[in-house]
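Have a look at the structure below, then the notes.
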Amino acid sequence: MGSDDCQFRDISITVLDEFHDAVCDSWLEGVCRTVLEQEGVCQAVSLVIADDKTVRSLNSEYRGLDETTDVLSFAFDNEGQYYGESDAPSEWSADDEFVLPPGESAGLGEVIVSYPQAVRQAEAAGHSVRQELAHLIAHGILHLMGHDHMEDEEERAMNGRVRRVMERLAGADIDLRDG
């Protein structure tokens, strides 16, 4: 499916104030569009660039893991496993979490990236923060589509999809260098 075939692909970008000087909304939107185009998805997606505290809080509340993580994905039409050890339910249902007016589509879902964690991971890997952000965004959107990496075969498939996104970004006008 070419990008002209897609009638609807709204991308909502929210960047916490403290990171506005570090990332560009149009760059983030370009990464999201590239992932959606590669996967042939014409649904809306929301991306949030947040801090460690916000991501840790969401990770604790919705996954039962009171720890910092790099990316969280909340799909509007897929259920997810609850991994923590509290008395919370073993799975969350998108039907219970997201209420919309009748006839309105929620889109694919929301990806939330911890910018400070992306910076730490980029430094540890020896590549740019933009490259790390692009990787995390692709990874998060693939989760929204139902892809996972709990089993070795799933992980190989998901890593292959992310690798193809990164190759596509490198060949496009989306700069993966910091600056």
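Chain labels run A, B, ... following the order of the structure tokens; each chain numbers its residues from 1, and ligands are numbered from 1 in the order shown.
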
Contacts of His135 of chain A at 12 Å (only C-alpha atoms; same-chain gap of 6+ positions) as an MDAnalysis selection string: chainID A and resid 28 31:32 34:35 70:71 113 118 121:122 127:129 141:142 158:170 176

What's the 12 Å shell around Ser26 of chain A, counting only C-alpha atoms, without same-chain residues fewer than 2 positions away, as a ChimeraX atom specification? /A:11-15,20,23-24,28-33,47,173-175

Just N, CA and C atoms for this one: save the residues we selected as an mmCIF file, in the first residue's frame.
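Produced file out-v5.cif, reproduced below:
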```
data_model
loop_
_atom_site.group_PDB
_atom_site.id
_atom_site.type_symbol
_atom_site.label_atom_id
_atom_site.label_comp_id
_atom_site.auth_asym_id
_atom_site.auth_seq_id
_atom_site.Cartn_x
_atom_site.Cartn_y
_atom_site.Cartn_z
ATOM 1 N N ILE A 11 -1.277 11.817 13.137
ATOM 2 C CA ILE A 11 -0.222 11.555 14.117
ATOM 3 C C ILE A 11 -0.204 12.718 15.097
ATOM 4 N N SER A 12 -0.436 12.386 16.358
ATOM 5 C CA SER A 12 -0.426 13.384 17.420
ATOM 6 C C SER A 12 0.901 13.273 18.169
ATOM 7 N N ILE A 13 1.606 14.389 18.260
ATOM 8 C CA ILE A 13 2.905 14.416 18.932
ATOM 9 C C ILE A 13 2.792 15.305 20.164
ATOM 10 N N THR A 14 3.199 14.779 21.309
ATOM 11 C CA THR A 14 3.274 15.554 22.540
ATOM 12 C C THR A 14 4.675 15.391 23.112
ATOM 13 N N VAL A 15 5.334 16.515 23.340
ATOM 14 C CA VAL A 15 6.678 16.495 23.918
ATOM 15 C C VAL A 15 6.629 17.304 25.203
ATOM 16 N N HIS A 20 11.497 20.016 24.618
ATOM 17 C CA HIS A 20 11.157 20.718 23.378
ATOM 18 C C HIS A 20 12.387 21.139 22.581
ATOM 19 N N VAL A 23 14.113 17.701 20.765
ATOM 20 C CA VAL A 23 13.495 16.947 19.670
ATOM 21 C C VAL A 23 12.579 17.860 18.864
ATOM 22 N N CYS A 24 12.406 17.516 17.620
ATOM 23 C CA CYS A 24 11.590 18.295 16.696
ATOM 24 C C CYS A 24 10.321 17.512 16.367
ATOM 25 N N LEU A 28 9.851 13.733 14.570
ATOM 26 C CA LEU A 28 9.140 12.632 15.224
ATOM 27 C C LEU A 28 7.988 12.149 14.347
ATOM 28 N N GLU A 29 7.241 13.083 13.771
ATOM 29 C CA GLU A 29 6.124 12.722 12.895
ATOM 30 C C GLU A 29 6.622 11.947 11.675
ATOM 31 N N GLY A 30 7.752 12.369 11.115
ATOM 32 C CA GLY A 30 8.321 11.669 9.970
ATOM 33 C C GLY A 30 8.697 10.234 10.291
ATOM 34 N N VAL A 31 9.240 10.012 11.473
ATOM 35 C CA VAL A 31 9.569 8.643 11.901
ATOM 36 C C VAL A 31 8.291 7.819 12.019
ATOM 37 N N CYS A 32 7.288 8.375 12.672
ATOM 38 C CA CYS A 32 6.011 7.654 12.824
ATOM 39 C C CYS A 32 5.413 7.313 11.466
ATOM 40 N N ARG A 33 5.371 8.277 10.562
ATOM 41 C CA ARG A 33 4.804 8.052 9.224
ATOM 42 C C ARG A 33 5.553 6.946 8.481
ATOM 43 N N LEU A 47 2.070 9.878 19.891
ATOM 44 C CA LEU A 47 3.420 9.697 20.422
ATOM 45 C C LEU A 47 3.656 10.738 21.501
ATOM 46 N N ASP A 173 14.664 11.241 3.831
ATOM 47 C CA ASP A 173 15.152 12.550 4.288
ATOM 48 C C ASP A 173 15.018 12.717 5.791
ATOM 49 N N ILE A 174 15.051 11.627 6.514
ATOM 50 C CA ILE A 174 14.914 11.696 7.968
ATOM 51 C C ILE A 174 16.288 11.442 8.578
ATOM 52 N N ASP A 175 16.901 12.496 9.068
ATOM 53 C CA ASP A 175 18.277 12.456 9.571
ATOM 54 C C ASP A 175 18.314 11.742 10.924
#
```

Nearby residues (only C-alpha atoms) at most 10 Å from Leu16 of chain A, same-chain spacing under 5 positions excluded, as a ChimeraX atom specification: /A:48-51,115

Writing out the chosen residues with N, CA and C atoms as a PDB file, in the first residue's frame:
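Heads up, here's the output in out26.pdb:
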```pdb
ATOM      1  N   VAL A  48       4.158  10.286  22.641  1.00  0.00           N
ATOM      2  CA  VAL A  48       4.492  11.175  23.746  1.00  0.00           C
ATOM      3  C   VAL A  48       5.968  10.990  24.081  1.00  0.00           C
ATOM      4  N   ILE A  49       6.698  12.092  24.143  1.00  0.00           N
ATOM      5  CA  ILE A  49       8.079  12.070  24.601  1.00  0.00           C
ATOM      6  C   ILE A  49       8.036  12.597  26.036  1.00  0.00           C
ATOM      7  N   ALA A  50       8.351  11.708  26.976  1.00  0.00           N
ATOM      8  CA  ALA A  50       8.145  11.996  28.391  1.00  0.00           C
ATOM      9  C   ALA A  50       9.444  11.846  29.183  1.00  0.00           C
ATOM     10  N   ASP A  51       9.331  12.070  30.479  1.00  0.00           N
ATOM     11  CA  ASP A  51      10.470  11.902  31.381  1.00  0.00           C
ATOM     12  C   ASP A  51      10.413  10.537  32.058  1.00  0.00           C
ATOM     13  N   TYR A 115      12.512  10.023  27.183  1.00  0.00           N
ATOM     14  CA  TYR A 115      13.646  10.667  26.530  1.00  0.00           C
ATOM     15  C   TYR A 115      14.948  10.446  27.307  1.00  0.00           C
TER      16      TYR A 115
END
```

Pick out the closest residue to His143 of chain A from this set: A:Ala157, A:Gly64, A:Ser114, A:Leu72. Count only C-alpha atoms. A:Leu72

To one decimal in Å, tell me the separation between atom CA of His149 of chain A and atom CA of Gly40 of chain A.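 Answer for the atom CA of His149 of chain A to atom CA of Gly40 of chain A separation: 20.5 Å.
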
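Between atom CA of Lys53 of chain A and atom CA of Glu67 of chain A the separation is 9.4 Å.
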
Write out as a list of chain:residue names all residues of segment 26-77 of chain A that DSSP puts in helix (DSSP H, G or I) for this structure's backbone.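 The helix (DSSP H, G or I) residues within segment 26-77 of chain A come out as A:Ser26, A:Trp27, A:Leu28, A:Glu29, A:Gly30, A:Val31, A:Cys32, A:Arg33, A:Thr34, A:Val35, A:Leu36, A:Glu37, A:Gln38, A:Glu39, A:Asp52, A:Lys53, A:Thr54, A:Val55, A:Arg56, A:Ser57, A:Leu58, A:Asn59, A:Ser60, A:Glu61, A:Tyr62, A:Arg63.
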
In Å to one decimal, how far is atom CA of Phe76 of chain A from atom CA of His147 of chain A?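 Calculated distance between atom CA of His147 of chain A and atom CA of Phe76 of chain A is 14.1 Å.
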
Can you list, as number ranges by chain, all residues belonging to segment 29-83 of chain A that DSSP tags as strand (DSSP E or B)? A: 45-50, 71-75, 80-81

Take the residues just selected and output them with N, CA and C atoms as a compact mmCIF listing (two decimals), in the first residue's frame.
```
# COMPACT_ATOMS: atom_id res chain seq x y z
N VAL A 45 -2.06 7.52 15.27
CA VAL A 45 -1.20 7.11 16.37
C VAL A 45 -0.82 8.35 17.16
N SER A 46 -0.61 8.15 18.44
CA SER A 46 -0.20 9.23 19.32
C SER A 46 1.18 8.89 19.88
N LEU A 47 2.07 9.88 19.89
CA LEU A 47 3.42 9.70 20.42
C LEU A 47 3.66 10.74 21.50
N VAL A 48 4.16 10.29 22.64
CA VAL A 48 4.49 11.18 23.75
C VAL A 48 5.97 10.99 24.08
N ILE A 49 6.70 12.09 24.14
CA ILE A 49 8.08 12.07 24.60
C ILE A 49 8.04 12.60 26.04
N ALA A 50 8.35 11.71 26.98
CA ALA A 50 8.15 12.00 28.39
C ALA A 50 9.44 11.85 29.18
N VAL A 71 10.20 2.44 26.51
CA VAL A 71 9.02 2.73 25.70
C VAL A 71 7.84 1.90 26.20
N LEU A 72 6.68 2.52 26.20
CA LEU A 72 5.42 1.85 26.54
C LEU A 72 4.46 2.04 25.38
N SER A 73 3.67 1.02 25.11
CA SER A 73 2.68 1.09 24.04
C SER A 73 1.32 0.72 24.60
N PHE A 74 0.34 1.56 24.33
CA PHE A 74 -1.03 1.31 24.76
C PHE A 74 -1.91 1.26 23.51
N ALA A 75 -2.19 0.04 23.07
CA ALA A 75 -3.02 -0.15 21.88
C ALA A 75 -4.49 0.02 22.25
N GLY A 80 -3.33 -6.32 26.69
CA GLY A 80 -1.93 -6.52 27.02
C GLY A 80 -1.77 -7.29 28.31
N GLN A 81 -0.64 -7.93 28.42
CA GLN A 81 -0.32 -8.71 29.61
C GLN A 81 0.14 -7.79 30.73
```
